[in-house]
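**Q** Provided herewith: upload33.cif, mmCIF, N, CA and C atoms.
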data_protein
#
loop_
_atom_site.label_atom_id
_atom_site.label_comp_id
_atom_site.auth_asym_id
_atom_site.auth_seq_id
_atom_site.Cartn_x
_atom_site.Cartn_y
_atom_site.Cartn_z
N MET A 725 81.98 78.36 71.93
CA MET A 725 82.06 77.92 73.30
C MET A 725 81.96 79.14 74.20
N ALA A 726 81.35 78.93 75.35
CA ALA A 726 81.16 80.04 76.28
C ALA A 726 81.29 79.54 77.72
N PRO A 727 81.86 80.36 78.60
CA PRO A 727 81.93 79.97 80.00
C PRO A 727 80.55 80.07 80.65
N TRP A 728 80.31 79.23 81.61
CA TRP A 728 79.07 79.22 82.37
C TRP A 728 79.49 79.10 83.83
N PHE A 729 79.04 80.00 84.67
CA PHE A 729 79.47 79.99 86.06
C PHE A 729 78.33 79.51 86.95
N GLN A 730 78.54 78.39 87.59
CA GLN A 730 77.57 77.77 88.49
C GLN A 730 77.90 78.20 89.92
N PRO A 731 76.97 78.83 90.62
CA PRO A 731 77.29 79.26 91.99
C PRO A 731 77.42 78.08 92.94
N ILE A 732 78.31 78.23 93.90
CA ILE A 732 78.45 77.27 94.99
C ILE A 732 77.83 77.94 96.21
N VAL A 733 76.79 77.32 96.75
CA VAL A 733 76.00 77.93 97.81
C VAL A 733 76.16 77.15 99.11
N ARG A 734 76.41 77.88 100.18
CA ARG A 734 76.47 77.28 101.51
C ARG A 734 75.04 77.02 101.97
N LEU A 735 74.71 75.77 102.29
CA LEU A 735 73.32 75.40 102.57
C LEU A 735 72.76 76.01 103.85
N ASP A 736 73.59 76.15 104.89
CA ASP A 736 73.05 76.64 106.16
C ASP A 736 72.72 78.14 106.13
N THR A 737 73.46 78.90 105.30
CA THR A 737 73.22 80.35 105.24
C THR A 737 72.68 80.82 103.88
N GLU A 738 72.70 79.92 102.92
CA GLU A 738 72.31 80.21 101.54
C GLU A 738 73.18 81.30 100.90
N ALA A 739 74.37 81.49 101.43
CA ALA A 739 75.31 82.48 100.89
C ALA A 739 76.09 81.85 99.73
N VAL A 740 76.30 82.63 98.68
CA VAL A 740 77.15 82.19 97.58
C VAL A 740 78.60 82.33 98.05
N ILE A 741 79.33 81.23 98.05
CA ILE A 741 80.71 81.25 98.55
C ILE A 741 81.75 81.06 97.45
N GLY A 742 81.29 80.85 96.23
CA GLY A 742 82.21 80.68 95.11
C GLY A 742 81.46 80.30 93.85
N PHE A 743 82.22 80.01 92.82
CA PHE A 743 81.63 79.62 91.55
C PHE A 743 82.45 78.50 90.92
N GLU A 744 81.76 77.62 90.22
CA GLU A 744 82.40 76.58 89.43
C GLU A 744 82.31 77.04 87.98
N ALA A 745 83.44 77.06 87.28
CA ALA A 745 83.46 77.47 85.88
C ALA A 745 83.26 76.24 85.00
N LEU A 746 82.26 76.32 84.14
CA LEU A 746 81.95 75.23 83.22
C LEU A 746 82.05 75.74 81.79
N LEU A 747 82.30 74.84 80.86
CA LEU A 747 82.37 75.19 79.46
C LEU A 747 81.13 74.68 78.75
N ARG A 748 80.47 75.55 78.01
CA ARG A 748 79.27 75.19 77.26
C ARG A 748 79.50 75.51 75.79
N TRP A 749 79.03 74.61 74.92
CA TRP A 749 79.16 74.80 73.49
C TRP A 749 77.80 74.68 72.85
N SER A 750 77.36 75.73 72.20
CA SER A 750 76.10 75.73 71.48
C SER A 750 76.41 75.71 69.99
N HIS A 751 76.34 74.53 69.39
CA HIS A 751 76.66 74.35 67.98
C HIS A 751 75.47 74.80 67.12
N PRO A 752 75.71 75.53 66.03
CA PRO A 752 74.61 76.06 65.23
C PRO A 752 73.73 74.98 64.58
N ILE A 753 74.26 73.80 64.34
CA ILE A 753 73.48 72.73 63.72
C ILE A 753 73.06 71.67 64.74
N HIS A 754 73.98 71.27 65.61
CA HIS A 754 73.75 70.16 66.54
C HIS A 754 73.19 70.59 67.89
N GLY A 755 73.07 71.88 68.13
CA GLY A 755 72.54 72.37 69.41
C GLY A 755 73.57 72.30 70.51
N SER A 756 73.11 72.12 71.74
CA SER A 756 74.00 72.08 72.90
C SER A 756 74.84 70.81 72.89
N ILE A 757 76.14 70.99 73.08
CA ILE A 757 77.07 69.87 73.17
C ILE A 757 77.44 69.72 74.64
N SER A 758 77.28 68.52 75.17
CA SER A 758 77.52 68.30 76.60
C SER A 758 79.01 68.32 76.92
N PRO A 759 79.36 68.66 78.17
CA PRO A 759 80.77 68.65 78.58
C PRO A 759 81.48 67.31 78.33
N PRO A 760 80.84 66.15 78.62
CA PRO A 760 81.53 64.89 78.31
C PRO A 760 81.84 64.73 76.81
N GLU A 761 80.95 65.21 75.95
CA GLU A 761 81.21 65.13 74.51
C GLU A 761 82.38 66.03 74.12
N ILE A 762 82.48 67.20 74.74
CA ILE A 762 83.60 68.12 74.47
C ILE A 762 84.91 67.46 74.89
N MET A 763 84.93 66.85 76.07
CA MET A 763 86.14 66.21 76.58
C MET A 763 86.54 65.03 75.69
N THR A 764 85.58 64.23 75.26
CA THR A 764 85.87 63.09 74.39
C THR A 764 86.46 63.56 73.07
N ALA A 765 85.86 64.58 72.47
CA ALA A 765 86.37 65.12 71.20
C ALA A 765 87.77 65.67 71.37
N ALA A 766 88.02 66.37 72.46
CA ALA A 766 89.35 66.93 72.71
C ALA A 766 90.39 65.82 72.87
N ARG A 767 90.03 64.77 73.60
CA ARG A 767 90.94 63.64 73.80
C ARG A 767 91.22 62.93 72.47
N GLU A 768 90.18 62.68 71.69
CA GLU A 768 90.33 61.94 70.43
C GLU A 768 91.11 62.71 69.38
N THR A 769 91.09 64.02 69.43
CA THR A 769 91.82 64.83 68.44
C THR A 769 93.20 65.25 68.93
N GLY A 770 93.59 64.81 70.13
CA GLY A 770 94.90 65.16 70.67
C GLY A 770 94.99 66.53 71.29
N MET A 771 93.84 67.20 71.45
CA MET A 771 93.86 68.53 72.07
C MET A 771 93.91 68.46 73.59
N LEU A 772 93.68 67.27 74.14
CA LEU A 772 93.70 67.07 75.59
C LEU A 772 94.47 65.80 75.86
N CYS A 773 95.46 65.90 76.71
CA CYS A 773 96.28 64.74 77.03
C CYS A 773 96.61 64.78 78.52
N PHE A 774 96.25 63.72 79.24
CA PHE A 774 96.48 63.66 80.67
C PHE A 774 97.87 63.15 81.02
N ASN A 775 98.50 62.43 80.09
CA ASN A 775 99.81 61.83 80.35
C ASN A 775 100.91 62.43 79.47
N CYS A 776 100.81 63.68 79.13
CA CYS A 776 101.79 64.32 78.24
C CYS A 776 103.04 64.72 78.99
#
Please render this file's structure as structure tokens.
**A**
Amino acid sequence: MAPWFQPIVRLDTEAVIGFEALLRWSHPIHGSISPPEIMTAARETGMLCFNC
């Protein structure tokens, strides 16, 4: 897994005003794993819990 930083750009000035941090997973066999798939796997294995 690796962080991916998406710039947040102000449209009127085209200035970068921040970044959104995203998680990317490049699996050696299955290729790129999408963020929703990562979240689903984390939830199903108990690694992510919203009501803990």
**Q** Could you work out how far CA of Phe743 (chain A) lies from CA of Trp728 (chain A), giving the answer in Å with one decimal?
**A**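 Computed distance, CA of Trp728 (chain A) to CA of Phe743 (chain A), equals 9.5 Å.
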**Q** Which of region 725-771 of chain A counts as helix (DSSP H, G or I) under DSSP, as a compact mmCIF listing (two decimals) with N, CA and C atoms, in the coordinates of the input please?
**A**
# COMPACT_ATOMS: atom_id res chain seq x y z
N PRO A 759 79.36 68.66 78.17
CA PRO A 759 80.77 68.65 78.58
C PRO A 759 81.48 67.31 78.33
N PRO A 760 80.84 66.15 78.62
CA PRO A 760 81.53 64.89 78.31
C PRO A 760 81.84 64.73 76.81
N GLU A 761 80.95 65.21 75.95
CA GLU A 761 81.21 65.13 74.51
C GLU A 761 82.38 66.03 74.12
N ILE A 762 82.48 67.20 74.74
CA ILE A 762 83.60 68.12 74.47
C ILE A 762 84.91 67.46 74.89
N MET A 763 84.93 66.85 76.07
CA MET A 763 86.14 66.21 76.58
C MET A 763 86.54 65.03 75.69
N THR A 764 85.58 64.23 75.26
CA THR A 764 85.87 63.09 74.39
C THR A 764 86.46 63.56 73.07
N ALA A 765 85.86 64.58 72.47
CA ALA A 765 86.37 65.12 71.20
C ALA A 765 87.77 65.67 71.37
N ALA A 766 88.02 66.37 72.46
CA ALA A 766 89.35 66.93 72.71
C ALA A 766 90.39 65.82 72.87
N ARG A 767 90.03 64.77 73.60
CA ARG A 767 90.94 63.64 73.80
C ARG A 767 91.22 62.93 72.47
N GLU A 768 90.18 62.68 71.69
CA GLU A 768 90.33 61.94 70.43
C GLU A 768 91.11 62.71 69.38
**Q** Once DSSP has gone over the backbone, tell me which residues of chain A are in strand (DSSP E), as a ChimeraX atom specification.
**A** /A:726-733,740-751,755-757
**Q** Neighbouring residues of region 745-759 of chain A were defined as those with any atom within 7 Å, considering only N, CA and C atoms; residues of the same chain fewer than 2 positions away were excluded. Please report them as a list of chain:residue names.
**A**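 Once the adjacent positions are removed, what remains is A:Met725, A:Ala726, A:Pro727, A:Trp728, A:Phe729, A:Gln730, A:Phe743, A:Glu761, A:Ile762, A:Met763, A:Thr764.
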**Q** Would you write out, as a list in words, every residue that the PyMOL selection byres ((chain A and resi 742) around 6.5) captures in this file?
**A**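 Applied to this file, the PyMOL selection byres ((chain A and resi 742) around 6.5) returns Gln730, Pro731, Ile732, Val733, Ala739, Val740, Ile741, Phe743 and Glu744 of chain A.
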**Q** Can we get chain A of that structure written down with C-alpha atoms, as a short mmCIF file (atom, residue, chain, number, x, y, z; two decimals), in the first residue's frame?
**A**
data_model
loop_
_atom_site.label_atom_id
_atom_site.label_comp_id
_atom_site.auth_asym_id
_atom_site.auth_seq_id
_atom_site.Cartn_x
_atom_site.Cartn_y
_atom_site.Cartn_z
CA MET A 725 0.00 0.00 0.00
CA ALA A 726 1.18 3.49 -0.76
CA PRO A 727 -0.11 7.00 -0.10
CA TRP A 728 -1.23 9.04 -3.09
CA PHE A 729 -1.68 12.79 -2.71
CA GLN A 730 -4.32 14.43 -4.89
CA PRO A 731 -3.95 18.22 -5.12
CA ILE A 732 -6.88 20.46 -4.25
CA VAL A 733 -6.86 23.35 -6.69
CA ARG A 734 -8.66 26.67 -6.39
CA LEU A 735 -10.42 27.12 -9.74
CA ASP A 736 -10.32 30.92 -9.99
CA THR A 737 -6.55 31.19 -9.41
CA GLU A 738 -5.45 27.63 -10.23
CA ALA A 739 -3.43 27.69 -7.00
CA VAL A 740 -2.88 24.44 -5.10
CA ILE A 741 -4.44 25.06 -1.69
CA GLY A 742 -4.09 21.60 -0.16
CA PHE A 743 -3.94 17.89 -0.75
CA GLU A 744 -6.24 14.93 -0.24
CA ALA A 745 -4.43 11.82 1.00
CA LEU A 746 -5.57 8.61 -0.66
CA LEU A 747 -4.50 5.01 -0.14
CA ARG A 748 -3.50 2.94 -3.16
CA TRP A 749 -2.70 -0.77 -3.21
CA SER A 750 -0.89 -2.38 -6.11
CA HIS A 751 -1.17 -6.14 -5.59
CA PRO A 752 1.51 -8.21 -7.38
CA ILE A 753 -1.07 -10.67 -8.81
CA HIS A 754 -4.39 -8.77 -8.88
CA GLY A 755 -3.05 -5.36 -9.93
CA SER A 756 -4.55 -2.14 -8.60
CA ILE A 757 -7.04 -2.58 -5.78
CA SER A 758 -9.63 0.20 -5.60
CA PRO A 759 -10.25 2.18 -2.38
CA PRO A 760 -13.80 0.76 -2.00
CA GLU A 761 -12.38 -2.78 -2.19
CA ILE A 762 -9.79 -1.91 0.49
CA MET A 763 -12.52 -0.51 2.77
CA THR A 764 -14.77 -3.55 2.24
CA ALA A 765 -11.93 -5.97 3.03
CA ALA A 766 -10.99 -3.98 6.14
CA ARG A 767 -14.60 -3.97 7.35
CA GLU A 768 -15.11 -7.69 6.66
CA THR A 769 -11.93 -8.71 8.49
CA GLY A 770 -12.63 -6.51 11.53
CA MET A 771 -9.76 -4.13 10.80
CA LEU A 772 -12.20 -1.23 10.40
CA CYS A 773 -15.12 -0.58 12.69
CA PHE A 774 -17.28 2.55 12.67
CA ASN A 775 -19.26 1.66 15.81
CA CYS A 776 -16.47 0.41 18.09
#
